[in-house]
Amino acid sequence: MSRYAPSEIEPKWQSAWNEAEVFLAKRDESKPKYYVLEMFPYPSGRIHIGHVRNYTMGDVVARFKSSTGHNVLHPMGWDAFGMPAENAAMASGGHPGTWTYQNIDTMRDQMKPLGLSIDWTREFATCDPEYYGQQQAMFIDMLDKGLVYRKNATVNWDPVDMTVLANEQVIDGCGWRSGAPVERRELTQWFFKISDFSEDLLEAIDGLDNWPEKVKTMQRNWIGKSRGLQFAFSIVDAPAHHDRIEVYTTRPDTLMGASFVGISADHPLAKELAAENPEIAAFCEECRKGGTTEEAIEKAEKLGMNTGLTVRHPFDTSWELPVYIANFILMDYGTGAIFGCPAHDQRDFDFATKYGLPINYVFEPADGALNDKEAFVPLKSEKVNYIRGFAGEEVQTGEEGVNSAVDFCEANGVGHGVTKFRLRDWGLSRQRYWGCPIPVVHCEACGVVPEKKENLPVRLPDDVTFDKPGNPLDRHPTWRDCTCPKCGAPAKRETDTMDTFVDSSWYYARFTAPHATTPTVKEDAEYWMNVDQYIGGIEHAILHLLYSRFFARAMNETGHLPDKSREPFNALFTQGMVTHAIYENAERKNENGRTIYHYPDEVEERDGDVFVKATGERIKVIPSAKMSKSKNNVVDPVAIIQQYGADTARWFVLSDSPPERDVEWTASGAEAASKHLARVWRLAAEVGNAPETGKGDEELLRATHKAMFEVTQGIESFGFNTSIAKLYGFTNTISKSQAGREAKRFALKTMAQLMSPMTPHLAEEMWSMLGGEGLVAQAPWPVPDEAMLVEDTVTLPIQINGKRRDEISVPKDMPKEEVEKLVLENDAVKKALDGGSPKKLIVVPGRIVNVVI
RNA sequence: GCCCGCGUGGUGGAAUGGUAGACACAGAGGACUUAAAAUCCUUAGGCCGUAUAGGCCGUGCCGGUUCGAGUCCGGCCGCGGGUACCA
């Protein structure tokens with residue numbers, strides 16, 4: 001072979017690894033274990049470049065850890081339940097399962113050529129009955145422990161299709177298929193009691209030392225611990241059943257600025273009033289319009305209706321406040337009722353302005369004047385001057401004001417201080433087919449009864465159709481029919497399936513014993529857990545990671561995970577997303593009136609405008625968005641792999657952009673990556689041409705040790721792009737070096753090792769060409785000799801008043817005084833001083849000198 | 001709306017509070033070649049300048065802290081992610 005030929009060497013080394021079972025993970029108490037996990041993919045159909053980036057990063061870590069003496073577990077599986085499979089079945093017939101397993105086969109075939117160091121014997125899909133049956137077993141254990149319960153919750157209801165919609169299926173407040181305005185409707189649903197763990201989940205964040213600060217901040221805010229006051233307003237001329245309205249407030253210090261009380265349209269009082277008053281009933285209906293997302297509710301126009309009722313202010317019974325029903329108050333949070341203080345809350349301010357309610361300022365800036373055109377909402381940590389305060393100092397922080405107000409109210413019999421969390425219980429019911437069936441039975445006599453464990457898995461039926469909207473399990477002629485596990489009487493199965501977040505909340509634990517007949521196996525979980533390095537997208541910062549943290553706790557309490565695994569991920573790295581422009585057809589919609597999106601390779605650019613190649617239709621380009629199948633802006637890496645090889649693709653996705661940052665995908669550069677790898681290969685192939693000994697052996701040796709140090713540092717800190725930059729530099733050094741054969745051979749063998757996590761096939765090829773022993777994948781990582789890293793002289797830049805003017809070269813450990821002397825003799829410095837002496841002379845040893853004049 | 005990020009040459013980006021632009025892409029110029037491909041070399045933030053002299057400006061915008069700010073603090077602007085049924 002006379003040139004770099006990835007299509008020949010890549011399959012060759014992949015077989016060599018397979019034969020040597022290099023990536024097979026076996027328990028081995030003699031070595032420290034290391035569990036690397038990348039968030040498993042949804043089998044959407046084809047891998048995209050974001051997958052390549054994600055899994056290559058994990059592979060670099062896995063291979064690096066393996067060569068530093070760790071027993072590595074690096075598995076792969078499929079997050080296989082979910083809506084797209086049902087959508088595909090609706091769009092083109094067929095069964096979601098067939099679609100899913102075909103996608104998995106395709107994607108596995110696309111991934112394997114990448115040469116990832118994965119133990120494929122542990123592969124599973126969450127839609128395998130073997131997996132979801134164990135999930136059902138855990139559900140039953142959690143039900144026994146009181147961690148699961150049923151209550152009412154709101155869903156998006158499509159009144160035309162008579163079906164529940166996912167938030168994604170609500171577009172501009174309307175159902176995606178019917179186009180009808182969506183309503184919020186209550187349904188009895190299953191919940192996990194994640195709120196039992198609010199405090200624990202919050203406090204334990206402090207211990208997550210190797211998690212990104214931003215993720216921890218987001219989780220803290222999401223859990224949202226707040227201290228406030230819960231108290232009741234008594235109602236004037238109270239209707240039957242309701243003499244008081246219980247409210248919760250985080251700002252009791254603003255009680256003297258209250259100007260109205262607002263209740264949710266789903267509040268029991270609102271419902272009672274609606275029953276007698278058609279106008280109120282109509283308004284409550286109006287409030288239920290629109291989707292369930294926080295965003296939709298927050299952004300919707302704030303509407304209220306005066307109920308005609310009034311309540312007494314707790315401090316002054318002659319002061320009456322009107323009671324409004326308002327569309328922005330959620331029954332799910334707090335008590336479903338608030339008091340409004342327009343002076344210090346912008347939303348309340350807008351509401352008060354709209355409905356002509358008074359605005360009474362409670363405090364003003366400690367220095368400066370109020371602007372009464374808007375609410376005054378300072379940080380809670382900021383000192384303010386209370387002009388209508390009732391507890392604590394006149395000038396105090398908002399936080400102090402709140403605490404004094406709670407104490408005062410408690411002392412005066414107005415409610416009590418309570419701690420609340422924003423975090424709500426996790427609703428896991430889905431009215432859909434393609435998910436894990438909730439293993440319970442509804443019996444007329446016994447009520448809700450869990451299925452017997454020996455009857456698990458409760459399998460999804462295969463004979464289902466998707467020609468009608470709604471849940472096929474509900475329509476199935478016989479699947480629901482069963483007998484009560486308790487009394488044996490005829491009963492009906494639950495038709496709700498589980499949220500797919502349940503599937504992904506414990507897969508990391510299942511990988512430690514993927515084919516066991518219990519959810520986990522004690523010894524395996526004990527050995528392999530926790531995940532030492534978890535890698536995934538920042539888009540999962542809250543939901544997936546929080547649910548997983550909860551689930552690990554629940555599994556611990558039901559005996560499926562050891563105590564140490566209550567926090568399952570020791571270290572987390574959130575890689576950036578690969579983004580790409582979205583190409584929206586500007587001239588045409590599809591038959592349902594929906595926007596048409598085009599794939600990147602379907603369009604072309606002409607004179608600054610973008611057109612569809614086939615039809616010439618104009619395209620509206622929406623720049624830089626997360627790659628998403630529904631927007632068709634995914635880039636297929638298979639062509640790159642076929643043209644240049646896996647190593648080029650791997651090298652390319654790691655180089656240039658820092659792993660944590662989003663990257664806008666551009667295809668230019670793959671060619672250059674390939675050229676570079678060919679150059680490195682050539683250097684290795686030509687090493688024999690070098691003379692026996694040469695000039696610069698010592699220099700090359702030093703450069704080699706420096707490369708070991710710098711590349712290792714990059715890998716350890718997830719700076720793969722900088723590691724690669726150093727490898728480019730090292731390549732240039734070798735290429736220019738006049739050193740002899742042995743020095744070059746050593747440099748290139750080191751190069752092979754340092755490149756092996758990123759371009760493992762090329763590394764093996766070089767290793768074997770250069771006479772390396774065994775597989776480079778199993779060779780120990782090169783460790784630099786500290787003595788070779790020390791530089792004798794350093795270049796010190798000289799700044800004058802903070803601007804670089806000159807530089808001097810001095811021995812590395814020259815004392816400060818001598819450096820100062822040298823600096824004062826420097827021409828540029830002398831010229832600037834003009835005979836005078838400097839105001840200040842700053843010498844930072846080994847770094848910089850600054851002369852202040 | 002709210003929470004969390006990000007913003008540096010034509011482009012991707014580098015830079016423990018210490019020489020801004022490493023390393024690369026695209027570009028320009030050159031060598032080799034009958035030619036091309038491949039390869040190698042040189043060059044490059046902007047402005048002024050005959051300039052490898054010298055000077056000024058420069059990390060989204062405005063201000064602050066510091067001997068020194070891309071980096072820390074405050075306020076804006078723009079973009080991205082999440083917002084509990086997309087995964």
# chains A, B, ... in the order shown; residues from 1 in each chain; ligands from 1
call {"tool": "interface_residues", "arguments": {"of": "chain A", "to": "chain B", "cutoff": "6 Å", "atoms": "only C-alpha atoms (C1' of nucleotides)", "output": "mmCIF file with N, CA, C and O atoms, in the first residue's frame"}}
result
data_model
loop_
_atom_site.group_PDB
_atom_site.id
_atom_site.type_symbol
_atom_site.label_atom_id
_atom_site.label_comp_id
_atom_site.auth_asym_id
_atom_site.auth_seq_id
_atom_site.Cartn_x
_atom_site.Cartn_y
_atom_site.Cartn_z
ATOM 1 N N ALA A 166 -49.982 16.327 22.165
ATOM 2 C CA ALA A 166 -48.721 16.718 22.795
ATOM 3 C C ALA A 166 -48.532 18.214 22.565
ATOM 4 O O ALA A 166 -49.089 18.773 21.623
ATOM 5 N N ASN A 167 -47.733 18.842 23.415
ATOM 6 C CA ASN A 167 -47.493 20.277 23.239
ATOM 7 C C ASN A 167 -46.977 20.584 21.845
ATOM 8 O O ASN A 167 -47.298 21.607 21.255
ATOM 9 N N GLU A 168 -46.122 19.688 21.330
ATOM 10 C CA GLU A 168 -45.542 19.889 20.011
ATOM 11 C C GLU A 168 -46.607 19.876 18.914
ATOM 12 O O GLU A 168 -46.409 20.430 17.843
ATOM 13 N N MET A 218 -29.843 25.781 36.425
ATOM 14 C CA MET A 218 -31.158 25.561 35.808
ATOM 15 C C MET A 218 -32.005 24.630 36.668
ATOM 16 O O MET A 218 -33.197 24.847 36.844
ATOM 17 N N GLU A 298 -48.192 32.146 29.821
ATOM 18 C CA GLU A 298 -47.527 33.395 30.194
ATOM 19 C C GLU A 298 -47.644 34.457 29.105
ATOM 20 O O GLU A 298 -47.707 35.640 29.386
ATOM 21 N N LYS A 299 -47.599 34.004 27.863
ATOM 22 C CA LYS A 299 -47.598 34.971 26.776
ATOM 23 C C LYS A 299 -49.001 35.382 26.343
ATOM 24 O O LYS A 299 -49.152 36.379 25.646
ATOM 25 N N GLU A 539 -29.931 20.415 25.846
ATOM 26 C CA GLU A 539 -31.401 20.474 25.831
ATOM 27 C C GLU A 539 -32.014 19.542 26.882
ATOM 28 O O GLU A 539 -33.187 19.650 27.209
ATOM 29 N N ASP A 656 -11.678 22.050 15.463
ATOM 30 C CA ASP A 656 -12.220 23.401 15.298
ATOM 31 C C ASP A 656 -13.144 23.880 16.398
ATOM 32 O O ASP A 656 -12.827 24.832 17.070
ATOM 33 N N GLY A 669 -14.194 21.561 4.662
ATOM 34 C CA GLY A 669 -13.241 21.203 5.694
ATOM 35 C C GLY A 669 -13.027 19.706 5.849
ATOM 36 O O GLY A 669 -11.998 19.291 6.341
ATOM 37 N N ALA A 725 -5.526 20.773 17.615
ATOM 38 C CA ALA A 725 -4.653 21.864 17.179
ATOM 39 C C ALA A 725 -3.205 21.553 17.545
ATOM 40 O O ALA A 725 -2.287 21.784 16.760
ATOM 41 N N PRO A 797 7.044 39.683 27.671
ATOM 42 C CA PRO A 797 6.620 40.911 27.006
ATOM 43 C C PRO A 797 6.750 42.082 27.986
ATOM 44 O O PRO A 797 6.513 41.923 29.179
ATOM 45 N N GLY A 802 0.401 49.261 30.224
ATOM 46 C CA GLY A 802 -0.570 48.257 29.775
ATOM 47 C C GLY A 802 -0.526 47.959 28.297
ATOM 48 O O GLY A 802 -1.298 47.141 27.813
ATOM 49 N N ILE A 848 4.932 38.352 32.457
ATOM 50 C CA ILE A 848 4.843 39.680 31.856
ATOM 51 C C ILE A 848 5.470 40.742 32.748
ATOM 52 O O ILE A 848 5.637 40.526 33.968
#
call {"tool": "select_by_dssp", "arguments": {"residues": "region 169-337 of chain A", "states": "strand (DSSP E)", "output": "number ranges by chain"}}
result
A: 170-171, 174-175, 183-192, 225-235, 244-249, 260-263, 304-313, 316-326, 337
call {"tool": "residues_around", "arguments": {"residues": "Ile724 (chain A)", "least_positions_apart": "3", "cutoff": "8 Å", "atoms": "only C-alpha atoms (C1' of nucleotides)", "output": "list in words"}}
result
Leu654, Ser655, Val711, Phe720, Asn721, Leu727 and Tyr728 of chain A
call {"tool": "residues_around", "arguments": {"residues": "Gly389 (chain A)", "least_positions_apart": "6", "cutoff": "12 Å", "atoms": "only C-alpha atoms (C1' of nucleotides)", "output": "PyMOL selection string"}}
result
chain A and resi 251-257+360-364+395-398+400-402+404-405+408
call {"tool": "select_by_dssp", "arguments": {"residues": "region 498-646 of chain A", "states": "helix (DSSP H, G or I)", "output": "PyMOL selection string"}}
result
chain A and resi 500-503+507-510+522-528+538-540+543-557+563-566+600-602+629-631+638-644+646
call {"tool": "residues_around", "arguments": {"residues": "Leu546 (chain A)", "least_positions_apart": "6", "cutoff": "10 Å", "atoms": "only C-alpha atoms (C1' of nucleotides)", "output": "list in words"}}
result
Ile194, Leu201, Gln219, Trp222, Ile223, Ser505, His540 and Ala552 of chain A
call {"tool": "atom_distance", "arguments": {"atom1": "CA of Gly616 (chain A)", "atom2": "CA of Lys589 (chain A)"}}
result
15.0 Å
